[in-house]
>>> print(open('input.csv').read())   # CSV, C-alpha atoms
chain,number,residue,atom,x,y,z
Q,1,MET,CA,-4.5,51.1,-24.1
Q,2,VAL,CA,-5.1,47.6,-25.5
Q,3,ILE,CA,-1.5,46.5,-24.7
Q,4,PHE,CA,-2.0,47.9,-21.2
Q,5,LEU,CA,-5.1,45.8,-20.6
Q,6,VAL,CA,-3.5,42.7,-22.0
Q,7,LEU,CA,-0.5,43.1,-19.6
Q,8,ILE,CA,-2.9,43.6,-16.6
Q,9,ALA,CA,-4.9,40.4,-17.6
Q,10,SER,CA,-1.7,38.5,-18.0
Q,11,GLY,CA,-0.5,39.6,-14.6
Q,12,CYS,CA,-3.7,38.5,-13.0
Q,13,VAL,CA,-3.6,35.1,-14.6
Q,14,THR,CA,0.0,34.6,-13.5
Q,15,ARG,CA,-0.8,35.5,-9.9
Q,16,ASN,CA,-3.9,33.2,-9.8
Q,17,TYR,CA,-1.9,30.4,-11.3
Q,18,ASP,CA,1.0,30.8,-8.9
Q,19,SER,CA,-1.2,31.1,-5.8
Q,20,ASN,CA,-3.2,28.0,-6.7
Q,21,MET,CA,0.0,26.0,-7.5
Q,22,ASP,CA,1.5,27.0,-4.2
Q,23,LEU,CA,-1.7,26.1,-2.3
Q,24,GLY,CA,-1.9,22.7,-4.0
Q,25,LYS,CA,1.7,21.9,-3.2
Q,26,SER,CA,1.1,23.0,0.4
Q,27,GLN,CA,-1.8,20.6,0.6
Q,28,LEU,CA,0.3,17.8,-0.8
Q,29,ASN,CA,2.7,18.3,2.1
Q,30,GLU,CA,-0.2,17.6,4.5
Q,31,GLU,CA,-1.4,14.7,2.3
Q,32,ASN,CA,-4.7,16.5,1.7
Q,33,TYR,CA,-5.0,15.2,-1.9
Q,34,LEU,CA,-8.6,16.3,-2.5
Q,35,GLU,CA,-7.8,19.9,-1.6
Q,36,ALA,CA,-4.6,19.7,-3.6
Q,37,HIS,CA,-6.5,18.4,-6.6
Q,38,GLU,CA,-9.0,21.3,-6.4
Q,39,ALA,CA,-6.2,23.8,-6.2
Q,40,PHE,CA,-4.3,22.3,-9.2
Q,41,GLU,CA,-7.5,22.2,-11.2
Q,42,LEU,CA,-8.0,25.9,-10.7
Q,43,ALA,CA,-4.3,26.5,-11.6
Q,44,TYR,CA,-4.8,24.5,-14.8
Q,45,LYS,CA,-7.8,26.5,-15.8
Q,46,GLU,CA,-5.7,29.7,-15.5
Q,47,ALA,CA,-2.8,28.3,-17.5
Q,48,LYS,CA,-2.7,24.9,-19.1
Q,49,THR,CA,0.9,24.0,-18.2
Q,50,PRO,CA,2.3,20.5,-18.2
Q,51,GLU,CA,3.1,20.8,-14.5
Q,52,ALA,CA,-0.4,21.8,-13.5
Q,53,ARG,CA,-1.9,19.0,-15.6
Q,54,GLU,CA,0.5,16.4,-14.1
Q,55,LEU,CA,-0.2,17.4,-10.5
Q,56,MET,CA,-3.9,17.8,-11.1
Q,57,ASP,CA,-4.1,14.2,-12.6
Q,58,LEU,CA,-2.0,12.5,-9.9
Q,59,SER,CA,-3.6,14.3,-6.9
Q,60,GLY,CA,-7.0,13.2,-8.4
Q,61,PHE,CA,-6.0,9.6,-8.5
Q,62,LEU,CA,-4.7,9.7,-5.0
Q,63,ALA,CA,-7.7,11.6,-3.6
Q,64,SER,CA,-10.1,9.0,-5.3
Q,65,GLY,CA,-8.0,6.1,-4.1
Q,66,MET,CA,-7.8,7.2,-0.5
Q,67,LYS,CA,-11.5,7.9,-0.4
Q,68,LYS,CA,-12.4,4.5,-1.8
Q,69,TYR,CA,-9.9,2.8,0.6
Q,70,ASP,CA,-11.6,4.5,3.6
Q,71,GLU,CA,-14.9,3.3,2.2
Q,72,GLN,CA,-13.4,-0.2,2.1
Q,73,ASP,CA,-13.9,-0.4,-1.7
Q,74,PHE,CA,-10.5,-1.9,-2.0
Q,75,ASP,CA,-10.7,-3.1,-5.6
Q,76,SER,CA,-11.6,0.4,-6.9
Q,77,ALA,CA,-8.9,2.0,-4.6
Q,78,LYS,CA,-6.4,-0.4,-6.1
Q,79,ARG,CA,-7.3,0.6,-9.6
Q,80,ASP,CA,-6.8,4.3,-8.8
Q,81,PHE,CA,-3.4,3.6,-7.2
Q,82,GLU,CA,-2.4,1.5,-10.3
Q,83,GLU,CA,-3.3,4.5,-12.5
Q,84,ALA,CA,-1.1,6.8,-10.4
Q,85,THR,CA,1.7,4.2,-10.3
Q,86,ALA,CA,1.8,3.9,-14.1
Q,87,TYR,CA,1.9,7.7,-14.6
Q,88,LYS,CA,5.2,9.0,-16.1
Q,89,ALA,CA,5.8,11.9,-13.7
Q,90,LYS,CA,8.3,14.6,-14.7
Q,91,TYR,CA,8.1,17.0,-11.7
Q,92,ARG,CA,9.2,16.6,-8.1
Q,93,GLU,CA,5.8,16.7,-6.6
Q,94,GLY,CA,4.4,14.3,-9.2
Q,95,LYS,CA,7.2,11.8,-8.5
Q,96,LEU,CA,6.4,12.0,-4.8
Q,97,MET,CA,2.8,11.2,-5.5
Q,98,VAL,CA,3.7,8.3,-7.7
Q,99,ALA,CA,5.9,7.0,-4.8
Q,100,LYS,CA,2.9,7.3,-2.5
Q,101,ALA,CA,0.7,5.4,-4.9
Q,102,VAL,CA,3.4,2.6,-5.0
Q,103,GLU,CA,3.3,2.5,-1.2
Q,104,MET,CA,-0.5,2.3,-1.1
Q,105,HIS,CA,-1.0,-0.2,-3.8
Q,106,PRO,CA,0.1,-3.3,-1.8
Q,107,VAL,CA,-1.8,-2.0,1.2
Q,108,SER,CA,-5.0,-1.9,-0.7
Q,109,ASP,CA,-4.2,-5.4,-2.2
Q,110,SER,CA,-3.6,-6.8,1.3
Q,111,ALA,CA,-6.8,-5.3,2.6
Q,112,THR,CA,-8.7,-6.9,-0.3
Q,113,ILE,CA,-7.3,-10.3,0.7
Q,114,GLU,CA,-8.1,-9.8,4.4
Q,115,ALA,CA,-11.7,-8.8,3.5
Q,116,VAL,CA,-12.2,-11.9,1.4
Q,117,GLU,CA,-10.6,-14.1,4.1
Q,118,GLY,CA,-12.8,-12.4,6.7
Q,119,ASN,CA,-15.9,-13.2,4.7
Q,120,ASP,CA,-14.8,-16.8,4.3
Q,121,GLU,CA,-14.1,-17.2,8.0
Q,122,MET,CA,-17.7,-16.0,8.8
Q,123,GLU,CA,-19.4,-18.5,6.6
Q,124,PRO,CA,-19.2,-21.5,9.0
Q,125,ALA,CA,-21.3,-19.5,11.6
Q,126,GLU,CA,-24.3,-19.9,9.2
Q,127,GLU,CA,-24.0,-23.7,9.2
Q,128,THR,CA,-26.9,-25.6,10.8
Q,129,THR,CA,-27.5,-29.1,12.2
Q,130,LYS,CA,-30.0,-31.5,10.7
Q,131,ASP,CA,-32.8,-30.2,13.0
Q,132,GLY,CA,-32.2,-26.7,11.7
Q,133,SER,CA,-30.4,-25.1,14.6
Q,134,LYS,CA,-27.3,-23.0,14.0
Q,135,VAL,CA,-23.9,-24.3,14.9
Q,136,GLU,CA,-21.6,-21.8,16.7
Q,137,ASP,CA,-18.1,-21.3,15.4
Q,138,LYS,CA,-16.5,-22.0,18.8
Q,139,ALA,CA,-18.3,-25.2,19.4
Q,140,ALA,CA,-17.6,-26.5,15.9
Q,141,THR,CA,-13.9,-25.7,16.3
Q,142,GLU,CA,-13.6,-27.5,19.6
Q,143,THR,CA,-15.1,-30.7,18.1
Q,144,LYS,CA,-12.4,-30.8,15.4
Q,145,GLY,CA,-9.6,-31.4,18.0
Q,146,LYS,CA,-6.3,-29.7,18.3
Q,147,GLU,CA,-5.2,-30.2,14.7
Q,148,GLY,CA,-8.5,-29.0,13.3
Q,149,SER,CA,-8.3,-25.9,15.5
Q,150,LYS,CA,-4.8,-25.1,14.3
Q,151,ASP,CA,-5.8,-25.4,10.7
Q,152,SER,CA,-8.8,-23.0,11.1
Q,153,VAL,CA,-6.6,-20.4,12.7
Q,154,SER,CA,-3.8,-20.7,10.1
Q,155,THR,CA,-5.6,-18.7,7.5
Q,156,LEU,CA,-2.3,-17.0,6.3
Q,157,SER,CA,-0.4,-18.9,3.6
Q,158,LYS,CA,3.4,-19.0,3.6
Q,159,SER,CA,3.6,-16.9,0.4
Q,160,GLN,CA,1.3,-14.3,1.9
Q,161,ALA,CA,3.4,-14.2,5.1
Q,162,GLU,CA,6.6,-13.8,3.0
Q,163,LYS,CA,5.0,-10.8,1.2
Q,164,LEU,CA,4.2,-9.2,4.6
Q,165,VAL,CA,7.8,-9.5,5.7
Q,166,LYS,CA,9.0,-8.0,2.4
Q,167,ASP,CA,6.8,-5.0,2.9
Q,168,TYR,CA,7.8,-4.7,6.6
Q,169,VAL,CA,11.5,-4.7,5.7
Q,170,ASP,CA,10.9,-2.5,2.6
Q,171,MET,CA,12.8,-5.0,0.4
Q,172,GLU,CA,11.7,-3.2,-2.7
Q,173,ASN,CA,14.2,-0.5,-1.9
Q,174,PHE,CA,16.9,-3.0,-0.9
Q,175,PRO,CA,17.3,-5.2,-4.0
Q,176,HIS,CA,20.4,-6.9,-2.6
Q,177,LEU,CA,18.4,-8.5,0.2
Q,178,HIS,CA,17.1,-12.1,0.0
Q,179,ILE,CA,14.4,-13.9,2.0
Q,180,GLU,CA,13.7,-17.5,2.7
Q,181,TYR,CA,11.3,-19.4,5.0
Q,182,ASP,CA,13.2,-21.1,7.8
Q,183,HIS,CA,10.7,-22.9,10.1
Q,184,ASP,CA,7.5,-22.7,12.1
Q,185,ALA,CA,7.9,-21.5,15.7
Q,186,GLU,CA,6.5,-23.5,18.6
Q,187,LYS,CA,3.3,-21.3,18.6
Q,188,GLY,CA,2.9,-21.9,14.8
Q,189,ASP,CA,4.2,-18.6,13.6
Q,190,TYR,CA,6.2,-18.5,10.3
Q,191,ILE,CA,9.9,-17.6,10.8
Q,192,PHE,CA,11.8,-16.0,7.9
Q,193,HIS,CA,15.5,-15.3,7.4
Q,194,VAL,CA,16.4,-12.0,5.6
Q,195,PHE,CA,20.0,-11.8,4.5
Q,196,GLU,CA,22.4,-10.4,1.9
Q,197,VAL,CA,25.1,-12.2,0.0
Q,198,ASP,CA,28.6,-10.5,-0.1
Q,199,GLU,CA,29.6,-12.3,-3.3
Q,200,PRO,CA,26.3,-13.0,-5.2
Q,201,SER,CA,28.2,-14.2,-8.3
Q,202,GLN,CA,29.6,-17.2,-6.3
Q,203,LYS,CA,27.4,-19.9,-5.0
Q,204,SER,CA,29.7,-20.1,-1.9
Q,205,GLY,CA,29.5,-16.4,-1.3
Q,206,HIS,CA,29.4,-15.3,2.4
Q,207,THR,CA,25.9,-14.4,3.7
Q,208,THR,CA,25.3,-11.7,6.2
Q,209,THR,CA,22.1,-11.8,8.3
Q,210,TRP,CA,19.9,-8.7,8.0
Q,211,GLY,CA,17.4,-10.1,10.5
Q,212,TRP,CA,15.0,-12.8,11.5
Q,213,TYR,CA,11.2,-12.1,11.3
Q,214,GLY,CA,8.2,-13.9,12.6
Q,215,VAL,CA,4.6,-13.7,11.2
Q,216,ASN,CA,1.6,-14.5,13.3
Q,217,LYS,CA,-0.7,-16.7,11.1
Q,218,LYS,CA,-3.9,-15.4,12.8
Q,219,THR,CA,-3.2,-11.7,13.3
Q,220,LYS,CA,-0.8,-11.3,10.4
Q,221,GLU,CA,1.5,-9.3,12.7
Q,222,VAL,CA,5.1,-9.1,11.6
Q,223,TYR,CA,7.8,-8.9,14.3
Q,224,GLU,CA,11.5,-9.2,14.7
Q,225,VAL,CA,12.8,-12.4,16.3
Q,226,MET,CA,15.6,-11.7,18.8
>>> encode(input="input.csv", output="structure tokens")
Amino acid sequence: MVIFLVLIASGCVTRNYDSNMDLGKSQLNEENYLEAHEAFELAYKEAKTPEARELMDLSGFLASGMKKYDEQDFDSAKRDFEEATAYKAKYREGKLMVAKAVEMHPVSDSATIEAVEGNDEMEPAEETTKDGSKVEDKAATETKGKEGSKDSVSTLSKSQAEKLVKDYVDMENFPHLHIEYDHDAEKGDYIFHVFEVDEPSQKSGHTTTWGWYGVNKKTKEVYEVM
């Protein structure tokens, strides 16, 4: 009788574990990381397997990171994505979540930069004249002349623009590609040349153009130059 009861209990645990693991993996496919985390947590309580622990941990990092990103708490989101990126995943679903964290990490980093730059751009609006009246951004910009206006718009540095192009082309997955700044377009956009070298060991190796890309300094939009 005791053996019979043990077998029944073992069967229930296995069924609960399997169903929660299946549910969690299904939620991962939909990128519902919070629901996936809850399912993997239930599975881990049923059977503390290495797979359940890995998927529970990683889905928790992603769920927290995504939530903080939506709340515009970019620094905290970045830390969660870094935790997931550093995780030594052994299972398929775990490796996929690490890849997602790698994808989200630079996005949260760029969002932090944009938020800081946005705050910096708003500060001149609070400037006042000697008599205490506020100076409007538009009027202040117009008085600086054409060059001053261009400088105030060009908030994006060349290195930041290069990083945007690298992310746009997904150069991390194409290590043979090279990028170099070429010139500023007539409208002031940065123009970059992305290419590959057929014989990288030779300085005179033939280069093949992958593409030309422009970056709008004001909107940070990346586009292909035809």
>>> residues_around(input="input.csv", residues="Phe195 of chain Q", least_positions_apart="6", cutoff="8 Å", atoms="only C-alpha atoms", output="VMD selection string")
chain Q and resid 177 to 179 207 to 211
>>> write_last_selection(input="input.csv", atoms="C-alpha atoms", output="short mmCIF file (atom, residue, chain, number, x, y, z; two decimals), in the coordinates of the input")
data_model
loop_
_atom_site.label_atom_id
_atom_site.label_comp_id
_atom_site.auth_asym_id
_atom_site.auth_seq_id
_atom_site.Cartn_x
_atom_site.Cartn_y
_atom_site.Cartn_z
CA LEU Q 177 18.40 -8.50 0.20
CA HIS Q 178 17.10 -12.10 0.00
CA ILE Q 179 14.40 -13.90 2.00
CA THR Q 207 25.90 -14.40 3.70
CA THR Q 208 25.30 -11.70 6.20
CA THR Q 209 22.10 -11.80 8.30
CA TRP Q 210 19.90 -8.70 8.00
CA GLY Q 211 17.40 -10.10 10.50
#
>>> atom_distance(input="input.csv", atom1="atom CA of Ala63 of chain Q", atom2="atom CA of Lys220 of chain Q")
27.7 Å
>>> residues_around(input="input.csv", residues="Pro106 of chain Q", least_positions_apart="5", cutoff="12 Å", atoms="all atoms listed in the file", output="PDB file with C-alpha atoms, keeping the file's coordinate frame")
ATOM      1  CA  TYR Q  69      -9.900   2.800   0.600  1.00  0.00           C
ATOM      2  CA  PHE Q  74     -10.500  -1.900  -2.000  1.00  0.00           C
ATOM      3  CA  ASP Q  75     -10.700  -3.100  -5.600  1.00  0.00           C
ATOM      4  CA  ALA Q  77      -8.900   2.000  -4.600  1.00  0.00           C
ATOM      5  CA  LYS Q  78      -6.400  -0.400  -6.100  1.00  0.00           C
ATOM      6  CA  ARG Q  79      -7.300   0.600  -9.600  1.00  0.00           C
ATOM      7  CA  PHE Q  81      -3.400   3.600  -7.200  1.00  0.00           C
ATOM      8  CA  GLU Q  82      -2.400   1.500 -10.300  1.00  0.00           C
ATOM      9  CA  THR Q  85       1.700   4.200 -10.300  1.00  0.00           C
ATOM     10  CA  LYS Q 100       2.900   7.300  -2.500  1.00  0.00           C
ATOM     11  CA  ALA Q 101       0.700   5.400  -4.900  1.00  0.00           C
ATOM     12  CA  ALA Q 111      -6.800  -5.300   2.600  1.00  0.00           C
ATOM     13  CA  THR Q 112      -8.700  -6.900  -0.300  1.00  0.00           C
ATOM     14  CA  ILE Q 113      -7.300 -10.300   0.700  1.00  0.00           C
ATOM     15  CA  GLN Q 160       1.300 -14.300   1.900  1.00  0.00           C
ATOM     16  CA  LYS Q 163       5.000 -10.800   1.200  1.00  0.00           C
ATOM     17  CA  LEU Q 164       4.200  -9.200   4.600  1.00  0.00           C
ATOM     18  CA  LYS Q 166       9.000  -8.000   2.400  1.00  0.00           C
ATOM     19  CA  ASP Q 167       6.800  -5.000   2.900  1.00  0.00           C
ATOM     20  CA  TYR Q 168       7.800  -4.700   6.600  1.00  0.00           C
ATOM     21  CA  ASP Q 170      10.900  -2.500   2.600  1.00  0.00           C
ATOM     22  CA  GLU Q 172      11.700  -3.200  -2.700  1.00  0.00           C
TER      23      GLU Q 172
END
>>> residues_around(input="input.csv", residues="Glu46 of chain Q", least_positions_apart="6", cutoff="9 Å", atoms="only C-alpha atoms", output="PDB file with C-alpha atoms, keeping the file's coordinate frame")
ATOM      1  CA  VAL Q  13      -3.600  35.100 -14.600  1.00  0.00           C
ATOM      2  CA  THR Q  14       0.000  34.600 -13.500  1.00  0.00           C
ATOM      3  CA  ASN Q  16      -3.900  33.200  -9.800  1.00  0.00           C
ATOM      4  CA  TYR Q  17      -1.900  30.400 -11.300  1.00  0.00           C
TER       5      TYR Q  17
END
>>> residues_around(input="input.csv", residues="Leu96 of chain Q", least_positions_apart="6", cutoff="12 Å", atoms="all atoms listed in the file", output="PyMOL selection string")
chain Q and resi 25+28-29+31+54-55+58-59+62+84-85+87-90+102-103
>>> atom_distance(input="input.csv", atom1="atom CA of Tyr44 of chain Q", atom2="atom CA of Asp57 of chain Q")
10.6 Å
>>> closest_residue(input="input.csv", among="Q:Phe40, Q:Tyr181, Q:Tyr33, Q:Tyr190", to="Asp18 of chain Q", atoms="all atoms listed in the file")
Q:Phe40
>>> atom_distance(input="input.csv", atom1="atom CA of Gly94 of chain Q", atom2="atom CA of Lys45 of chain Q")
18.5 Å
>>> closest_residue(input="input.csv", among="Q:Lys158, Q:Tyr223, Q:Leu42, Q:Asn20", to="Asp184 of chain Q", atoms="all atoms listed in the file")
Q:Lys158
>>> residues_near_point(input="input.csv", point="(7.9, -13.4, 20.0)", cutoff="10 Å", atoms="all atoms listed in the file", output="list in words")
Ala185, Lys187, Asp189, Tyr213, Gly214, Val215, Asn216, Val222, Tyr223, Glu224, Val225 and Met226 of chain Q
>>> closest_residue(input="input.csv", among="Q:Glu186, Q:Glu93, Q:Asp80, Q:Glu71", to="Met56 of chain Q", atoms="only C-alpha atoms")
Q:Glu93
>>> closest_residue(input="input.csv", among="Q:Lys218, Q:His105, Q:His176, Q:Arg92", to="Gly65 of chain Q", atoms="only C-alpha atoms")
Q:His105
>>> axis_aligned_box(input="input.csv", around="segment 97-102 of chain Q", padding_each_side="3 Å", output="AutoDock Vina command-line options")
--center_x 3.3 --center_y 6.9 --center_z -5.1 --size_x 11.2 --size_y 14.6 --size_z 11.2
